[in-house]
Amino acid sequence: MENSLAMTALIFLGAAIIMVPLVRQLGLSSVIGFILGGIIIGPFVLKLTGNDSNDIMHTTEFGVIMLLFLIGLEIEPQKFWKIRKKILGMGLSQMLLTVGILFLIFYIAKWRSDQALVAALCFALSSTAIVLQTLKEKNIFRTQAGEASFSILLFQDISVIPILALLPVLARRPDDKEQQILLQYLPDWLQPFSIFLGVFLLIILGRYVFVPFLRYVSRSGMNELLTASSLFLVIGVSELMDAVGLSPALGAFIAGVMLATSEFRHELESQIDPFKGLLLAVFFVSVGATINFFIIMEDPMFIFTTTVVVLTVKFAVLFGISKFFKLKIDQAFLTAFALSQIGEFAFVLINYSTNLYLLDPKMNAQLLAITAITMCITPILLIINEKFIAPRWPQPNIHDDEINEPVKQKSIIIVGFGHFGSTVGRLLRVNGIKATVLDIDPDRVNLLRSNGFKVYFGDASKPGILRSAGAENADLLILCLDSPEKNKFVLEYARQKFPQLKIFVRAKNRLDAYDFYNSGVENIYRETFGTAVNMAVDILKATGMRAYAARRLGKRFTLIDKAMTRKLAKELTTDSVTFSMKEYLEREAELLAEDSHSFDESQWNENEEF
């Protein structure tokens, strides 16, 4: 029976809604629930999907494109550089060894060389969704195995990009399937460099088009336009890369990296994440619905032996690398069991390779089945490790590992950077305390970033923005918004979703303070310049600074601020009472610039009166 596209999509969503809660109750990953749901509604069980499964999967590949865009947004060069040894050491060695060994095995087994390489590249990847979810659920993310797994997965996610770029080079397109792409009009000698041209074009667009475009849209003050702009950028970049013959996912990833250091990083993340989650869910359901069990039943021994070989090779490589990098033996076992499955990106790469005629439909169905089977086996492997292997060695003591680490700087989020918030942020900054700032004024955000502040455009009263800004792992939340109602809303949301946060809040007056006290907040500051400085002093103490030193720094900051204010006031005409936003920002820019080099106690007399 033929279904309309809307009915097929309805069936897919229904399968996800029913199956995911069931598998979650069994302690399994939601990805497995999506795949099992697709198998049940597919043409080999209930036959509810008609012939539209492939069309739906092609459409929902935008979910994977959005996933890669978000991964690109999360790759900040500074954070990447801090853990570069683990990422490059463990991640690169795992990929090279796994691909090399699997390619050799498949080649010896008489696979075609290009098919052997494609399969090895796909099978070397592990499931980011399953592994990270498992680590967080079992509260082992900060163990040696957790850190090693994260480093390896991050490298694998990044390696998807060069793999996507490599596959067209390996492709053999039939002569009757002319590739209709823009780059076919380039000279023959220039076409091999098409990927570099595409990347260069995206870098230029990101710097001179994307960010100015988002600033222009943000000035409208309409969140709906920002949502539309976010989707426009992701889909537009993907279509552009497809038009020049490159992978749409590659374009989305590079666009994400280009915007990772922009002020719109967290806003984009919060806007796109719901669409990404929905489309990924339907994508995995469609994967299950398109697995061809007839082809699998033709040669079940091939499926079984290949699955065993892949799991064995990946386990041996991961265990060996973990021991080489001096992980404890129980942590090495946990890392190897957790990452031995094949990841969700294999579905994308296998289908992409089929479109490039590297794989035939039969091989496509077999590789998809192997991928799905290894993902379903992962929970069983983890149970084996938990019940039979882990008890043989003492549990890792997380606190012992942390004792040897340097003292971690408190992670701070400041919401609102107007008159009050800027006083707090500047005092923290001149004392070397870094903070992530959220503000909804695009001009102020641009000004602050030009003066070296880590500030992002975003409305913290919208669910998702705080999470995108890192509230899950933050220590202190400082609410300095002008609106008491918004401060209260963000406060209630943060206390519910991020209970570990120590919250400092600005109050307009005594009545607001009453409400905050009744909400259980202890750190309340009624707004004046003095209370803003007092708030910053208390934050310094909360980061570990001695009380006397913090108070002394606050006093010095007050004296310096008064001197700067007097200096700026002398430049104003006596009849100039009000200022435009542009003039105010120019004054604030001068004040911020002075902060970076004026905080020298030899220049200021603490007993001087102003």
# chains A, B, ... in the order shown; residues from 1 in each chain; ligands from 1
>>> residues_around(residues="Leu334 (chain A)", least_positions_apart="3", cutoff="9 Å", atoms="only C-alpha atoms", output="ChimeraX atom specification")
/A:145-146,319,329-331,337-339,382,385-386,390
>>> residues_around(residues="region 89-97 of chain A", least_positions_apart="5", cutoff="8 Å", atoms="only C-alpha atoms", output="list in words")
Arg84, Ala124, Leu125, Ala148, Ser151, Ile152, Leu153, Leu154, Phe155, Gln156, Val317, Leu318, Ile321, Ser322 and Phe325 of chain A
>>> select_by_dssp(residues="region 316-536 of chain A", states="strand (DSSP E or B)", output="list in words")
Ile412, Ile413, Ile414, Val415, Thr436, Val437, Leu438, Asp439, Val455, Tyr456, Phe457, Leu476, Leu477, Ile478, Leu479, Lys502, Ile503, Phe504, Val505, Arg506, Ala507, Asn523, Ile524, Tyr525 and Arg526 of chain A
>>> closest_residue(among="A:Ala316, A:Met7, A:Leu553, A:Ala15", to="Thr98 (chain A)", atoms="only C-alpha atoms")
A:Ala316
>>> closest_residue(among="A:Met66, A:Ile17, A:Ala365, A:Leu501", to="Ile235 (chain A)", atoms="only C-alpha atoms")
A:Met66
>>> select_by_dssp(residues="region 56-175 of chain A", states="alpha helix (DSSP H)", output="PyMOL selection string")
chain A and resi 56-74+77-82+84-86+92-108+113-123+128-137+144-170
>>> write_last_selection(atoms="C-alpha atoms", output="CSV table (one decimal), in the first residue's frame")
chain,number,residue,atom,x,y,z
A,56,ILE,CA,12.5,10.0,4.0
A,57,MET,CA,16.1,9.0,4.8
A,58,HIS,CA,17.4,11.3,2.1
A,59,THR,CA,15.4,14.2,3.6
A,60,THR,CA,16.4,13.4,7.2
A,61,GLU,CA,20.1,13.4,6.4
A,62,PHE,CA,19.8,17.1,7.2
A,63,GLY,CA,19.8,15.8,10.8
A,64,VAL,CA,23.3,14.5,10.3
A,65,ILE,CA,24.3,17.8,8.5
A,66,MET,CA,23.0,19.7,11.5
A,67,LEU,CA,24.9,17.4,13.9
A,68,LEU,CA,28.1,18.1,12.1
A,69,PHE,CA,27.4,21.8,12.1
A,70,LEU,CA,27.0,21.7,15.9
A,71,ILE,CA,30.2,19.6,16.3
A,72,GLY,CA,32.0,22.3,14.3
A,73,LEU,CA,30.5,25.0,16.7
A,74,GLU,CA,31.9,23.1,19.7
A,77,PRO,CA,40.7,26.2,19.0
A,78,GLN,CA,41.8,27.0,22.6
A,79,LYS,CA,40.0,24.0,24.1
A,80,PHE,CA,41.1,21.7,21.4
A,81,TRP,CA,44.7,22.8,21.9
A,82,LYS,CA,44.6,22.1,25.6
A,84,ARG,CA,45.6,18.0,21.8
A,85,LYS,CA,48.0,15.3,23.1
A,86,LYS,CA,45.2,13.0,24.0
A,92,LEU,CA,44.9,9.3,15.6
A,93,SER,CA,46.6,6.0,16.6
A,94,GLN,CA,43.2,4.3,17.0
A,95,MET,CA,42.0,5.4,13.6
A,96,LEU,CA,45.2,4.5,11.8
A,97,LEU,CA,45.6,1.1,13.4
A,98,THR,CA,41.9,0.1,13.1
A,99,VAL,CA,41.7,1.2,9.4
A,100,GLY,CA,45.0,-0.5,8.6
A,101,ILE,CA,44.2,-3.8,10.2
A,102,LEU,CA,40.6,-4.0,8.9
A,103,PHE,CA,41.7,-3.0,5.4
A,104,LEU,CA,44.4,-5.7,5.4
A,105,ILE,CA,41.8,-8.4,6.6
A,106,PHE,CA,39.2,-7.4,4.0
A,107,TYR,CA,41.8,-7.3,1.2
A,108,ILE,CA,43.1,-10.7,2.1
A,113,SER,CA,40.4,-2.7,-2.7
A,114,ASP,CA,38.3,0.5,-2.8
A,115,GLN,CA,35.4,-1.4,-1.0
A,116,ALA,CA,37.8,-2.7,1.6
A,117,LEU,CA,39.1,0.8,2.3
A,118,VAL,CA,35.6,2.3,2.5
A,119,ALA,CA,34.4,-0.4,4.9
A,120,ALA,CA,37.6,0.0,7.1
A,121,LEU,CA,37.1,3.8,7.3
A,122,CYS,CA,33.4,3.4,8.2
A,123,PHE,CA,34.0,0.6,10.8
A,128,THR,CA,29.3,9.3,20.0
A,129,ALA,CA,25.6,9.2,20.9
A,130,ILE,CA,25.8,5.8,22.7
A,131,VAL,CA,29.2,6.2,24.4
A,132,LEU,CA,28.7,9.7,25.8
A,133,GLN,CA,25.2,8.9,27.0
A,134,THR,CA,26.5,5.8,28.7
A,135,LEU,CA,29.4,7.6,30.4
A,136,LYS,CA,27.1,10.3,31.7
A,137,GLU,CA,24.4,7.9,32.9
A,144,GLN,CA,40.4,7.8,32.9
A,145,ALA,CA,38.1,5.8,30.6
A,146,GLY,CA,35.7,8.7,30.2
A,147,GLU,CA,38.5,11.2,29.3
A,148,ALA,CA,40.1,8.7,26.9
A,149,SER,CA,36.7,7.9,25.2
A,150,PHE,CA,35.9,11.6,24.8
A,151,SER,CA,39.3,12.3,23.2
A,152,ILE,CA,39.0,9.4,20.8
A,153,LEU,CA,35.4,10.2,19.9
A,154,LEU,CA,36.3,13.9,19.2
A,155,PHE,CA,39.1,12.9,16.8
A,156,GLN,CA,36.7,10.4,15.1
A,157,ASP,CA,34.1,13.1,14.6
A,158,ILE,CA,36.6,15.4,13.1
A,159,SER,CA,38.0,12.6,10.9
A,160,VAL,CA,34.6,12.2,9.3
A,161,ILE,CA,35.4,15.4,7.4
A,162,PRO,CA,38.6,14.2,5.6
A,163,ILE,CA,36.8,10.9,5.0
A,164,LEU,CA,33.9,12.7,3.3
A,165,ALA,CA,36.5,14.6,1.2
A,166,LEU,CA,38.4,11.3,0.3
A,167,LEU,CA,35.4,9.3,-0.9
A,168,PRO,CA,34.8,11.3,-4.1
A,169,VAL,CA,38.4,10.8,-5.0
A,170,LEU,CA,38.0,7.0,-4.7
>>> residues_around(residues="Glu269 (chain A)", least_positions_apart="5", cutoff="12 Å", atoms="only C-alpha atoms", output="JSON, numbers by chain")
{"A": [66, 67, 68, 69, 70, 71, 72, 73, 74, 226, 227, 230, 231, 234, 256, 259, 260, 262, 263, 264, 274, 275, 276, 277, 456, 457, 458, 463, 464, 465, 466, 467, 468, 469, 470]}
>>> residues_around(residues="Ile254 (chain A)", least_positions_apart="4", cutoff="8 Å", atoms="only C-alpha atoms", output="list in words")
Phe69, Gly72, Val199, Leu202, Ile203, Leu250 and Met258 of chain A
>>> atom_distance(atom1="CA of Lys508 (chain A)", atom2="CA of Arg429 (chain A)")
24.4 Å
>>> closest_residue(among="A:Leu201, A:Met241, A:Ile75, A:Ile373", to="Thr261 (chain A)", atoms="only C-alpha atoms")
A:Ile75
>>> atom_distance(atom1="CA of Asp482 (chain A)", atom2="CA of Lys497 (chain A)")
22.7 Å
